$ cat start-v3.pdb   # PDB, C-alpha atoms and all ligand atoms
ATOM      1  CA  ARG A   1      14.592  -4.154 -22.436
ATOM      2  CA  ASP A   2      18.075  -5.328 -23.248
ATOM      3  CA  GLY A   3      19.954  -2.742 -25.255
ATOM      4  CA  LYS A   4      16.923  -0.445 -25.562
ATOM      5  CA  ALA A   5      16.488   2.934 -23.952
ATOM      6  CA  GLU A   6      14.357   2.941 -20.837
ATOM      7  CA  ARG A   7      10.695   3.591 -21.517
ATOM      8  CA  GLU A   8       9.173   6.642 -19.828
ATOM      9  CA  ILE A   9       7.004   6.260 -16.760
ATOM     10  CA  THR A  10       3.755   7.846 -17.910
ATOM     11  CA  PHE A  11       2.495   8.332 -14.340
ATOM     12  CA  ALA A  12       5.454  10.606 -13.613
ATOM     13  CA  GLN A  13       4.901  12.882 -16.617
ATOM     14  CA  PRO A  14       3.655  16.420 -16.008
ATOM     15  CA  GLY A  15      -0.084  16.518 -16.610
ATOM     16  CA  SER A  16      -0.612  12.831 -15.747
ATOM     17  CA  LEU A  17      -4.132  12.437 -14.394
ATOM     18  CA  THR A  18      -3.300   9.336 -12.339
ATOM     19  CA  ARG A  19      -3.148   9.885  -8.588
ATOM     20  CA  VAL A  20      -0.229   7.919  -7.173
ATOM     21  CA  TYR A  21      -0.120   6.846  -3.526
ATOM     22  CA  ALA A  22       2.874   5.127  -1.960
ATOM     23  CA  VAL A  23       1.707   3.228   1.107
ATOM     24  CA  ALA A  24       4.478   3.280   3.701
ATOM     25  CA  SER A  25       5.021   2.025   7.220
ATOM     26  CA  GLY A  26       7.836   2.012   9.745
ATOM     27  CA  LYS A  27       7.601  -1.531  10.942
ATOM     28  CA  GLY A  28       6.376  -4.620   9.148
ATOM     29  CA  GLY A  29       3.218  -6.395  10.187
ATOM     30  CA  VAL A  30       1.195  -3.255  10.886
ATOM     31  CA  GLY A  31      -1.237  -3.985   8.056
ATOM     32  CA  LYS A  32       0.251  -1.893   5.267
ATOM     33  CA  SER A  33      -0.453  -4.482   2.562
ATOM     34  CA  SER A  34      -3.940  -5.213   3.894
ATOM     35  CA  VAL A  35      -4.722  -1.492   3.805
ATOM     36  CA  THR A  36      -3.306  -1.127   0.270
ATOM     37  CA  VAL A  37      -5.327  -4.032  -1.110
ATOM     38  CA  ASN A  38      -8.557  -2.988   0.553
ATOM     39  CA  LEU A  39      -8.262   0.642  -0.520
ATOM     40  CA  ALA A  40      -7.610  -0.528  -4.076
ATOM     41  CA  ALA A  41     -10.605  -2.888  -4.059
ATOM     42  CA  ALA A  42     -12.862  -0.228  -2.524
ATOM     43  CA  MET A  43     -11.882   2.344  -5.141
ATOM     44  CA  ALA A  44     -12.333  -0.162  -7.983
ATOM     45  CA  ALA A  45     -15.779  -1.056  -6.599
ATOM     46  CA  ASP A  46     -16.594   2.663  -6.752
ATOM     47  CA  GLY A  47     -15.850   2.569 -10.481
ATOM     48  CA  LEU A  48     -12.315   3.964 -10.508
ATOM     49  CA  LYS A  49      -9.613   2.403 -12.685
ATOM     50  CA  VAL A  50      -7.067   1.168 -10.144
ATOM     51  CA  GLY A  51      -3.630  -0.436 -10.299
ATOM     52  CA  VAL A  52      -1.421  -1.817  -7.529
ATOM     53  CA  VAL A  53       2.337  -2.256  -7.677
ATOM     54  CA  ASP A  54       3.601  -4.665  -5.046
ATOM     55  CA  ALA A  55       6.828  -2.789  -4.378
ATOM     56  CA  ASP A  56       7.509  -4.838  -1.237
ATOM     57  CA  ILE A  57       9.898  -6.928  -3.312
ATOM     58  CA  TYR A  58      11.285  -9.127  -0.526
ATOM     59  CA  GLY A  59       8.012  -9.425   1.378
ATOM     60  CA  HIS A  60       5.539  -9.535  -1.512
ATOM     61  CA  SER A  61       2.030 -10.520  -0.424
ATOM     62  CA  VAL A  62      -0.369  -8.488  -2.569
ATOM     63  CA  PRO A  63      -1.328 -11.199  -5.126
ATOM     64  CA  ARG A  64      -2.364 -13.602  -2.352
ATOM     65  CA  MET A  65      -4.388 -10.894  -0.622
ATOM     66  CA  LEU A  66      -6.156 -10.165  -3.918
ATOM     67  CA  GLY A  67      -6.657 -13.882  -4.532
ATOM     68  CA  THR A  68      -4.715 -14.178  -7.766
ATOM     69  CA  ASP A  69      -1.993 -16.599  -8.781
ATOM     70  CA  ALA A  70      -2.087 -15.473 -12.404
ATOM     71  CA  VAL A  71       1.151 -15.203 -14.344
ATOM     72  CA  PRO A  72       1.476 -12.004 -16.392
ATOM     73  CA  THR A  73       1.517 -12.438 -20.159
ATOM     74  CA  GLN A  74       3.697 -10.496 -22.533
ATOM     75  CA  VAL A  75       2.379  -8.651 -25.580
ATOM     76  CA  GLU A  76       5.208  -7.441 -27.789
ATOM     77  CA  ASP A  77       7.572  -5.973 -25.209
ATOM     78  CA  MET A  78       4.952  -4.959 -22.652
ATOM     79  CA  ILE A  79       3.908  -6.969 -19.595
ATOM     80  CA  MET A  80       0.148  -7.377 -19.178
ATOM     81  CA  PRO A  81      -0.836  -7.104 -15.501
ATOM     82  CA  PRO A  82      -3.344  -9.656 -14.167
ATOM     83  CA  THR A  83      -6.647  -8.286 -12.860
ATOM     84  CA  ALA A  84      -8.195  -9.321  -9.549
ATOM     85  CA  HIS A  85     -11.398  -7.802  -8.150
ATOM     86  CA  ASP A  86     -11.171  -5.214 -10.982
ATOM     87  CA  VAL A  87      -7.713  -4.152  -9.773
ATOM     88  CA  LYS A  88      -4.715  -4.457 -12.077
ATOM     89  CA  VAL A  89      -1.776  -5.809 -10.130
ATOM     90  CA  ILE A  90       1.884  -6.628 -10.603
ATOM     91  CA  SER A  91       4.246  -8.300  -8.158
ATOM     92  CA  ILE A  92       7.664  -9.885  -8.277
ATOM     93  CA  GLY A  93       5.974 -12.958  -6.799
ATOM     94  CA  MET A  94       4.362 -13.491 -10.219
ATOM     95  CA  PHE A  95       7.798 -14.012 -11.747
ATOM     96  CA  THR A  96       9.494 -16.148  -9.090
ATOM     97  CA  PRO A  97       8.832 -19.881  -9.324
ATOM     98  CA  GLY A  98       7.264 -21.524  -6.274
ATOM     99  CA  ASN A  99       7.927 -19.535  -3.140
ATOM    100  CA  ALA A 100      11.536 -18.760  -4.060
ATOM    101  CA  PRO A 101      13.045 -15.883  -2.088
ATOM    102  CA  VAL A 102      14.204 -12.721  -3.855
ATOM    103  CA  VAL A 103      17.884 -12.259  -3.014
ATOM    104  CA  TRP A 104      18.814  -8.952  -4.599
ATOM    105  CA  ARG A 105      20.877  -5.908  -3.827
ATOM    106  CA  GLY A 106      19.545  -2.345  -4.108
ATOM    107  CA  PRO A 107      20.186  -1.660  -7.814
ATOM    108  CA  MET A 108      18.156  -4.731  -8.808
ATOM    109  CA  LEU A 109      15.247  -3.505  -6.711
ATOM    110  CA  HIS A 110      15.370  -0.178  -8.530
ATOM    111  CA  ARG A 111      15.345  -1.928 -11.915
ATOM    112  CA  ALA A 112      12.378  -4.083 -10.942
ATOM    113  CA  LEU A 113      10.408  -1.049  -9.789
ATOM    114  CA  GLN A 114      11.324   0.868 -12.938
ATOM    115  CA  GLN A 115      10.022  -2.034 -15.044
ATOM    116  CA  PHE A 116       6.825  -2.373 -13.026
ATOM    117  CA  LEU A 117       6.112   1.281 -13.664
ATOM    118  CA  ALA A 118       7.292   1.682 -17.252
ATOM    119  CA  ASP A 119       7.068  -1.722 -18.955
ATOM    120  CA  VAL A 120       3.710  -2.884 -17.591
ATOM    121  CA  PHE A 121       0.711  -2.036 -19.750
ATOM    122  CA  TRP A 122      -1.433  -0.228 -17.166
ATOM    123  CA  GLY A 123      -3.626   1.692 -19.596
ATOM    124  CA  ASP A 124      -5.356   4.780 -18.206
ATOM    125  CA  LEU A 125      -5.534   4.600 -14.443
ATOM    126  CA  ASP A 126      -7.335   6.914 -12.047
ATOM    127  CA  VAL A 127      -5.292   5.677  -9.104
ATOM    128  CA  LEU A 128      -2.036   3.760  -8.708
ATOM    129  CA  LEU A 129      -1.175   2.390  -5.269
ATOM    130  CA  LEU A 130       2.325   1.211  -4.395
ATOM    131  CA  ASP A 131       2.732  -1.161  -1.486
ATOM    132  CA  LEU A 132       6.182  -0.147  -0.209
ATOM    133  CA  PRO A 133       8.414  -2.298   1.978
ATOM    134  CA  PRO A 134       8.549  -1.159   5.616
ATOM    135  CA  GLY A 135      11.126   1.492   6.457
ATOM    136  CA  THR A 136      13.204   3.939   4.481
ATOM    137  CA  GLY A 137      15.305   1.661   2.298
ATOM    138  CA  ASP A 138      16.196   1.455  -1.373
ATOM    139  CA  ILE A 139      12.667   1.171  -2.696
ATOM    140  CA  ALA A 140      11.374   4.246  -0.879
ATOM    141  CA  ILE A 141      14.249   6.231  -2.395
ATOM    142  CA  SER A 142      13.610   4.746  -5.844
ATOM    143  CA  VAL A 143       9.924   5.657  -5.686
ATOM    144  CA  ALA A 144      10.842   9.229  -4.820
ATOM    145  CA  GLN A 145      13.297   9.355  -7.744
ATOM    146  CA  LEU A 146      11.091   7.651 -10.321
ATOM    147  CA  MET A 147       7.778   9.194  -9.236
ATOM    148  CA  PRO A 148       8.332  12.401  -7.280
ATOM    149  CA  ASN A 149       4.599  13.071  -7.618
ATOM    150  CA  ALA A 150       3.738   9.989  -5.515
ATOM    151  CA  GLU A 151       1.965  11.032  -2.315
ATOM    152  CA  ILE A 152       2.813   9.101   0.823
ATOM    153  CA  LEU A 153       0.164   7.380   2.914
ATOM    154  CA  VAL A 154       1.579   6.297   6.279
ATOM    155  CA  VAL A 155       0.170   3.244   8.062
ATOM    156  CA  THR A 156       0.845   2.758  11.765
ATOM    157  CA  THR A 157      -0.661   0.950  14.721
ATOM    158  CA  PRO A 158      -1.761   2.868  17.846
ATOM    159  CA  GLN A 159       1.360   1.664  19.659
ATOM    160  CA  GLN A 160       3.790   4.449  20.618
ATOM    161  CA  ALA A 161       6.883   2.428  19.659
ATOM    162  CA  ALA A 162       5.423   1.653  16.227
ATOM    163  CA  ALA A 163       4.388   5.288  15.793
ATOM    164  CA  GLU A 164       7.930   6.534  16.348
ATOM    165  CA  VAL A 165       9.220   4.311  13.580
ATOM    166  CA  ALA A 166       6.312   5.214  11.285
ATOM    167  CA  GLU A 167       7.054   8.892  11.824
ATOM    168  CA  ARG A 168      10.625   8.377  10.634
ATOM    169  CA  ALA A 169       9.361   6.504   7.561
ATOM    170  CA  GLY A 170       7.034   9.402   6.739
ATOM    171  CA  ALA A 171       9.699  12.033   7.408
ATOM    172  CA  ILE A 172      11.570  10.841   4.293
ATOM    173  CA  ALA A 173       9.059  13.105   2.501
ATOM    174  CA  VAL A 174      10.972  16.169   3.729
ATOM    175  CA  GLN A 175      14.107  15.082   1.902
ATOM    176  CA  THR A 176      12.310  13.832  -1.194
ATOM    177  CA  HIS A 177       9.875  16.794  -1.346
ATOM    178  CA  GLN A 178       6.918  14.438  -1.530
ATOM    179  CA  LYS A 179       3.484  15.207  -0.123
ATOM    180  CA  ILE A 180       2.096  13.138   2.745
ATOM    181  CA  VAL A 181      -1.583  12.583   2.048
ATOM    182  CA  GLY A 182      -2.351  11.310   5.544
ATOM    183  CA  VAL A 183      -1.985   8.704   8.255
ATOM    184  CA  VAL A 184      -4.032   5.529   8.669
ATOM    185  CA  GLU A 185      -4.121   3.960  12.113
ATOM    186  CA  ASN A 186      -4.631   0.214  11.826
ATOM    187  CA  MET A 187      -5.417  -2.303  14.582
ATOM    188  CA  SER A 188      -7.093   0.532  16.518
ATOM    189  CA  GLY A 189      -8.628  -1.614  19.215
ATOM    190  CA  LEU A 190     -10.599  -4.841  19.235
ATOM    191  CA  PRO A 191     -14.357  -4.582  19.725
ATOM    192  CA  CYS A 192     -15.287  -7.261  22.310
ATOM    193  CA  PRO A 193     -17.560  -9.747  20.506
ATOM    194  CA  HIS A 194     -19.659 -10.138  23.651
ATOM    195  CA  CYS A 195     -20.174  -6.639  24.986
ATOM    196  CA  GLY A 196     -18.866  -4.414  22.156
ATOM    197  CA  GLU A 197     -16.482  -2.540  24.447
ATOM    198  CA  MET A 198     -13.146  -1.654  22.846
ATOM    199  CA  VAL A 199     -10.049  -3.454  24.042
ATOM    200  CA  ASP A 200      -7.023  -1.298  23.204
ATOM    201  CA  VAL A 201      -4.681  -4.180  22.425
ATOM    202  CA  PHE A 202      -1.954  -1.901  21.056
ATOM    203  CA  GLY A 203      -2.711   1.152  23.186
ATOM    204  CA  THR A 204      -4.022   4.390  21.717
ATOM    205  CA  GLY A 205      -2.863   7.543  20.014
ATOM    206  CA  GLY A 206      -0.255   6.263  17.517
ATOM    207  CA  GLY A 207      -2.014   7.660  14.453
ATOM    208  CA  LYS A 208      -2.451  11.082  16.047
ATOM    209  CA  LYS A 209       1.172  11.090  17.209
ATOM    210  CA  VAL A 210       2.461  10.313  13.701
ATOM    211  CA  ALA A 211       0.187  12.919  12.080
ATOM    212  CA  GLU A 212       1.227  15.632  14.559
ATOM    213  CA  GLY A 213       4.896  14.740  14.245
ATOM    214  CA  LEU A 214       4.776  14.817  10.453
ATOM    215  CA  THR A 215       2.814  18.065  10.456
ATOM    216  CA  ARG A 216       5.669  19.559  12.496
ATOM    217  CA  THR A 217       8.502  18.137  10.384
ATOM    218  CA  THR A 218       6.949  18.812   6.969
ATOM    219  CA  GLY A 219       5.299  22.131   7.844
ATOM    220  CA  ALA A 220       2.164  20.959   6.010
ATOM    221  CA  GLU A 221      -1.016  19.707   7.671
ATOM    222  CA  VAL A 222      -0.999  15.884   7.768
ATOM    223  CA  PRO A 223      -4.429  14.484   8.719
ATOM    224  CA  VAL A 224      -5.384  11.161  10.301
ATOM    225  CA  LEU A 225      -7.641   9.702   7.608
ATOM    226  CA  GLY A 226      -9.136   7.090   9.899
ATOM    227  CA  GLY A 227      -8.688   4.184  12.264
ATOM    228  CA  ILE A 228      -9.344   0.538  11.405
ATOM    229  CA  PRO A 229     -10.237  -1.823  14.256
ATOM    230  CA  ILE A 230      -8.835  -5.310  14.667
ATOM    231  CA  ASP A 231     -11.339  -7.439  12.805
ATOM    232  CA  VAL A 232     -11.303 -11.172  12.123
ATOM    233  CA  THR A 233     -13.157 -10.641   8.826
ATOM    234  CA  LEU A 234     -10.301  -8.434   7.550
ATOM    235  CA  ARG A 235      -7.664 -11.025   8.428
ATOM    236  CA  ALA A 236      -9.700 -13.900   6.987
ATOM    237  CA  GLY A 237     -10.410 -11.911   3.820
ATOM    238  CA  SER A 238      -6.683 -11.245   3.328
ATOM    239  CA  ASP A 239      -5.896 -14.940   3.750
ATOM    240  CA  GLU A 240      -8.625 -15.981   1.316
ATOM    241  CA  GLY A 241      -7.881 -13.341  -1.290
ATOM    242  CA  LYS A 242     -11.235 -11.635  -0.757
ATOM    243  CA  PRO A 243     -10.847  -8.064   0.529
ATOM    244  CA  VAL A 244     -13.201  -7.324   3.409
ATOM    245  CA  VAL A 245     -14.420  -4.120   1.742
ATOM    246  CA  LEU A 246     -16.055  -6.368  -0.882
ATOM    247  CA  THR A 247     -17.182  -9.365   1.193
ATOM    248  CA  ASP A 248     -18.305  -7.495   4.297
ATOM    249  CA  PRO A 249     -18.338  -3.780   3.449
ATOM    250  CA  ASP A 250     -20.375  -2.856   6.526
ATOM    251  CA  SER A 251     -18.168  -4.673   9.041
ATOM    252  CA  PRO A 252     -16.234  -2.330  11.351
ATOM    253  CA  ALA A 253     -13.018  -2.729   9.314
ATOM    254  CA  GLY A 254     -14.828  -2.705   5.961
ATOM    255  CA  SER A 255     -16.650   0.539   6.634
ATOM    256  CA  ALA A 256     -13.525   2.212   8.084
ATOM    257  CA  LEU A 257     -11.537   1.271   4.982
ATOM    258  CA  ARG A 258     -14.266   2.460   2.602
ATOM    259  CA  ASP A 259     -14.395   5.751   4.460
ATOM    260  CA  ILE A 260     -10.604   6.185   4.054
ATOM    261  CA  ALA A 261     -10.794   5.249   0.351
ATOM    262  CA  ALA A 262     -13.435   7.929  -0.176
ATOM    263  CA  GLN A 263     -10.978  10.583   1.090
ATOM    264  CA  LEU A 264      -8.264   9.699  -1.434
TER     265      LEU A 264
HETATM  266  P1  LIG B 301       2.340  -5.364   6.571
HETATM  267  O1  LIG B 301       2.049  -5.164   5.114
HETATM  268  O2  LIG B 301       2.423  -4.080   7.328
HETATM  269  O3  LIG B 301       3.500  -6.265   6.835
HETATM  270  P2  LIG B 301      -0.026  -7.072   6.587
HETATM  271  O4  LIG B 301      -1.033  -6.296   5.819
HETATM  272  O5  LIG B 301       0.643  -8.203   5.905
HETATM  273  O6  LIG B 301       1.065  -6.102   7.230
HETATM  274  O7  LIG B 301      -0.754  -7.563   7.923
HETATM  275  C1  LIG B 301      -0.109  -8.405   8.849
HETATM  276  C2  LIG B 301      -1.138  -9.421   9.369
HETATM  277  O8  LIG B 301      -2.093  -8.769  10.175
HETATM  278  C3  LIG B 301      -1.894 -10.124   8.257
HETATM  279  O9  LIG B 301      -2.094 -11.461   8.632
HETATM  280  C4  LIG B 301      -3.219  -9.386   8.207
HETATM  281  O10 LIG B 301      -4.265 -10.199   7.745
HETATM  282  C5  LIG B 301      -3.414  -9.000   9.657
HETATM  283  N1  LIG B 301      -4.147  -7.742   9.833
HETATM  284  C6  LIG B 301      -3.828  -6.525   9.334
HETATM  285  N2  LIG B 301      -4.706  -5.588   9.738
HETATM  286  C7  LIG B 301      -5.623  -6.222  10.513
HETATM  287  C8  LIG B 301      -6.808  -5.806  11.223
HETATM  288  N3  LIG B 301      -7.217  -4.539  11.231
HETATM  289  N4  LIG B 301      -7.514  -6.774  11.890
HETATM  290  C9  LIG B 301      -7.102  -8.059  11.895
HETATM  291  N5  LIG B 301      -6.012  -8.515  11.253
HETATM  292  C10 LIG B 301      -5.274  -7.605  10.575
END
$ encode --input "start-v3.pdb" --output "structure tokens" --more "lines below"
Ligand code: ADP
Amino acid sequence: RDGKAEREITFAQPGSLTRVYAVASGKGGVGKSSVTVNLAAAMAADGLKVGVVDADIYGHSVPRMLGTDAVPTQVEDMIMPPTAHDVKVISIGMFTPGNAPVVWRGPMLHRALQQFLADVFWGDLDVLLLDLPPGTGDIAISVAQLMPNAEILVVTTPQQAAAEVAERAGAIAVQTHQKIVGVVENMSGLPCPHCGEMVDVFGTGGGKKVAEGLTRTTGAEVPVLGGIPIDVTLRAGSDEGKPVVLTDPDSPAGSALRDIAAQL
């Protein structure tokens, strides 16, 4: 919007009816994007109007997980977000040719996020999910500034080391005065395909540890919303752009994710 005043972010206006969830994690690779995409698809399948902002600018992966390679169109000076599995989605990956890396400093990240929120034609949404980058960097601060009403959903694995980092990522809410809606524990054990017994690949207790820690630091009750087992169908669905909540809703991961979506 060269030379024009910045457009308002409607989701941040008082009285906005859109629930905004920023999905955060401490470390990368814990399944934050997989959780975001599946929650979005589950809510859309339940009839809600859902949008996803891929705010993981350097590590964008949401379009692939939703199975879209669509390029957004422009109508007047608004960007039209592509739709995949009834979810409206925008990602920097849609604007970078090939698999070109994004090599930006902080202020550029802020601008991109601002545009994704204000200059994309989202229409009326019931829910907007933001897939944050891991950690407490520029984007997490920008989200807090641009959308103080965004509630934080923390994703961790059961592993104690991962939980410590996730707790720090969630604790940013104290400084930004944001609400933490809850903790999701992902990769909570692998059901043995032969005998069904759980193999605790990453240990146990990470989700509970993060929730208790954040309850202490924020002074508000932070619940564990659920645990998602390690599940080949979830991984395969992410790779194929078909969220497991749609292709195999009654699989262990699919049902756990639908149960979490129902609580949001
Ligand atoms: P993050 O966004 O935290 O970096 P991703 O969502 O990209 O993590 O997940 C990292 C990898 O782990 C992906 O290949 C994804 O398909 C896989 N994955 C995530 N959660 C599970 C799970 N519960 N079971 C099996 N694979 C998973």
$ residues_near_ligand --input "start-v3.pdb" --ligand "ligand LIG 301 (chain B)" --cutoff "6 Å" --atoms "all atoms listed in the file" --output "count of residues only"
17
$ atom_distance --input "start-v3.pdb" --atom1 "atom CA of A:Thr156" --atom2 "atom CA of A:Ala140"
16.5 Å
$ atom_distance --input "start-v3.pdb" --atom1 "atom CA of A:His60" --atom2 "atom CA of A:Thr233"
21.4 Å
$ residues_around --input "start-v3.pdb" --residues "A:Met147" --least-positions-apart "3" --cutoff "8 Å" --atoms "only C-alpha atoms" --output "number ranges by chain"
A: 11-12, 143-144, 150
$ residues_around --input "start-v3.pdb" --residues "A:Thr18" --least-positions-apart "2" --cutoff "7 Å" --atoms "only C-alpha atoms" --output "ChimeraX atom specification"
/A:11,16,20,125-128
$ closest_residue --input "start-v3.pdb" --among "A:Gly47, A:Gly219, A:Gly135, A:Gly205" --to "A:Ile172" --atoms "only C-alpha atoms"
A:Gly135
$ residues_around --input "start-v3.pdb" --residues "stretch 63-70 of chain A" --least-positions-apart "6" --cutoff "8 Å" --atoms "all atoms listed in the file" --output "JSON, numbers by chain"
{"A": [34, 37, 82, 84, 85, 89, 90, 91, 93, 94, 237, 238, 239, 240, 241, 242, 243]}
$ residues_around --input "start-v3.pdb" --residues "A:Leu246" --least-positions-apart "2" --cutoff "8 Å" --atoms "only C-alpha atoms" --output "PyMOL selection string"
chain A and resi 41-42+45+242-244+248-249+254
$ closest_residue --input "start-v3.pdb" --among "A:Gly51, A:Pro107, A:Gly207, A:Gly213" --to "A:Gly123" --atoms "all atoms listed in the file"
A:Gly51
$ atom_distance --input "start-v3.pdb" --atom1 "atom CA of A:Gln145" --atom2 "atom CA of A:Gly15"
17.6 Å
$ residues_around --input "start-v3.pdb" --residues "A:Gly26" --least-positions-apart "2" --cutoff "9 Å" --atoms "all atoms listed in the file" --output "ChimeraX atom specification"
/A:24,28,30,133-136,154-156,162-170
$ decode --input "start-v3.pdb" --residues "stretch 12-89 of chain A" --atoms "C-alpha atoms" --output "mmCIF file, in the first residue's frame"
data_model
loop_
_atom_site.group_PDB
_atom_site.id
_atom_site.type_symbol
_atom_site.label_atom_id
_atom_site.label_comp_id
_atom_site.auth_asym_id
_atom_site.auth_seq_id
_atom_site.Cartn_x
_atom_site.Cartn_y
_atom_site.Cartn_z
ATOM 1 C CA ALA A 12 -8.212 -6.568 16.390
ATOM 2 C CA GLN A 13 -11.133 -4.137 16.641
ATOM 3 C CA PRO A 14 -13.189 -4.094 19.837
ATOM 4 C CA GLY A 15 -16.335 -6.134 19.293
ATOM 5 C CA SER A 16 -14.768 -8.373 16.618
ATOM 6 C CA LEU A 17 -16.522 -11.733 16.729
ATOM 7 C CA THR A 18 -13.553 -13.649 15.298
ATOM 8 C CA ARG A 19 -11.693 -15.825 17.788
ATOM 9 C CA VAL A 20 -7.967 -15.533 17.135
ATOM 10 C CA TYR A 21 -5.530 -18.250 18.203
ATOM 11 C CA ALA A 22 -1.771 -17.920 17.845
ATOM 12 C CA VAL A 23 -0.253 -21.394 17.804
ATOM 13 C CA ALA A 24 3.157 -21.254 19.467
ATOM 14 C CA SER A 25 5.925 -23.665 20.349
ATOM 15 C CA GLY A 26 9.358 -23.474 21.924
ATOM 16 C CA LYS A 27 11.259 -25.689 19.574
ATOM 17 C CA GLY A 28 10.665 -26.422 15.917
ATOM 18 C CA GLY A 29 9.581 -29.831 14.729
ATOM 19 C CA VAL A 30 7.156 -30.504 17.577
ATOM 20 C CA GLY A 31 4.152 -30.506 15.245
ATOM 21 C CA LYS A 32 2.941 -26.934 15.623
ATOM 22 C CA SER A 33 2.052 -26.543 11.939
ATOM 23 C CA SER A 34 0.449 -29.989 11.759
ATOM 24 C CA VAL A 35 -1.702 -29.114 14.771
ATOM 25 C CA THR A 36 -2.654 -25.716 13.293
ATOM 26 C CA VAL A 37 -3.699 -27.182 9.948
ATOM 27 C CA ASN A 38 -5.661 -30.040 11.456
ATOM 28 C CA LEU A 39 -7.488 -27.837 13.951
ATOM 29 C CA ALA A 40 -8.394 -25.481 11.110
ATOM 30 C CA ALA A 41 -9.655 -28.317 8.895
ATOM 31 C CA ALA A 42 -11.619 -29.868 11.770
ATOM 32 C CA MET A 43 -13.315 -26.573 12.602
ATOM 33 C CA ALA A 44 -14.120 -25.895 8.935
ATOM 34 C CA ALA A 45 -15.599 -29.406 8.648
ATOM 35 C CA ASP A 46 -17.806 -28.510 11.622
ATOM 36 C CA GLY A 47 -19.174 -25.593 9.600
ATOM 37 C CA LEU A 48 -17.121 -22.739 11.042
ATOM 38 C CA LYS A 49 -15.612 -20.078 8.782
ATOM 39 C CA VAL A 50 -11.872 -20.512 9.317
ATOM 40 C CA GLY A 51 -8.733 -18.714 8.166
ATOM 41 C CA VAL A 52 -5.065 -19.575 8.675
ATOM 42 C CA VAL A 53 -2.160 -17.151 8.532
ATOM 43 C CA ASP A 54 1.151 -18.914 8.026
ATOM 44 C CA ALA A 55 3.143 -16.549 10.221
ATOM 45 C CA ASP A 56 6.140 -18.904 10.245
ATOM 46 C CA ILE A 57 7.685 -16.706 7.569
ATOM 47 C CA TYR A 58 11.084 -18.414 7.333
ATOM 48 C CA GLY A 59 9.764 -21.940 7.841
ATOM 49 C CA HIS A 60 6.445 -21.707 5.995
ATOM 50 C CA SER A 61 4.802 -25.098 5.467
ATOM 51 C CA VAL A 62 1.055 -24.541 5.826
ATOM 52 C CA PRO A 63 0.102 -24.460 2.099
ATOM 53 C CA ARG A 64 1.770 -27.834 1.488
ATOM 54 C CA MET A 65 0.063 -29.342 4.526
ATOM 55 C CA LEU A 66 -3.287 -28.076 3.224
ATOM 56 C CA GLY A 67 -2.465 -29.335 -0.266
ATOM 57 C CA THR A 68 -2.595 -26.025 -2.095
ATOM 58 C CA ASP A 69 -0.108 -24.424 -4.452
ATOM 59 C CA ALA A 70 -2.543 -21.693 -5.462
ATOM 60 C CA VAL A 71 -1.258 -18.178 -6.015
ATOM 61 C CA PRO A 72 -3.400 -15.466 -4.405
ATOM 62 C CA THR A 73 -5.171 -13.111 -6.790
ATOM 63 C CA GLN A 74 -5.587 -9.409 -6.259
ATOM 64 C CA VAL A 75 -8.926 -7.610 -6.455
ATOM 65 C CA GLU A 76 -8.472 -3.850 -6.397
ATOM 66 C CA ASP A 77 -5.952 -3.463 -3.587
ATOM 67 C CA MET A 78 -6.977 -6.517 -1.574
ATOM 68 C CA ILE A 79 -5.327 -9.943 -1.702
ATOM 69 C CA MET A 80 -7.746 -12.850 -2.126
ATOM 70 C CA PRO A 81 -6.659 -15.826 -0.001
ATOM 71 C CA PRO A 82 -6.786 -19.278 -1.629
ATOM 72 C CA THR A 83 -9.123 -21.831 -0.045
ATOM 73 C CA ALA A 84 -8.114 -25.409 0.741
ATOM 74 C CA HIS A 85 -10.388 -27.904 2.508
ATOM 75 C CA ASP A 86 -12.765 -24.959 3.176
ATOM 76 C CA VAL A 87 -9.984 -23.091 4.998
ATOM 77 C CA LYS A 88 -8.834 -19.699 3.747
ATOM 78 C CA VAL A 89 -5.065 -19.525 3.897
#
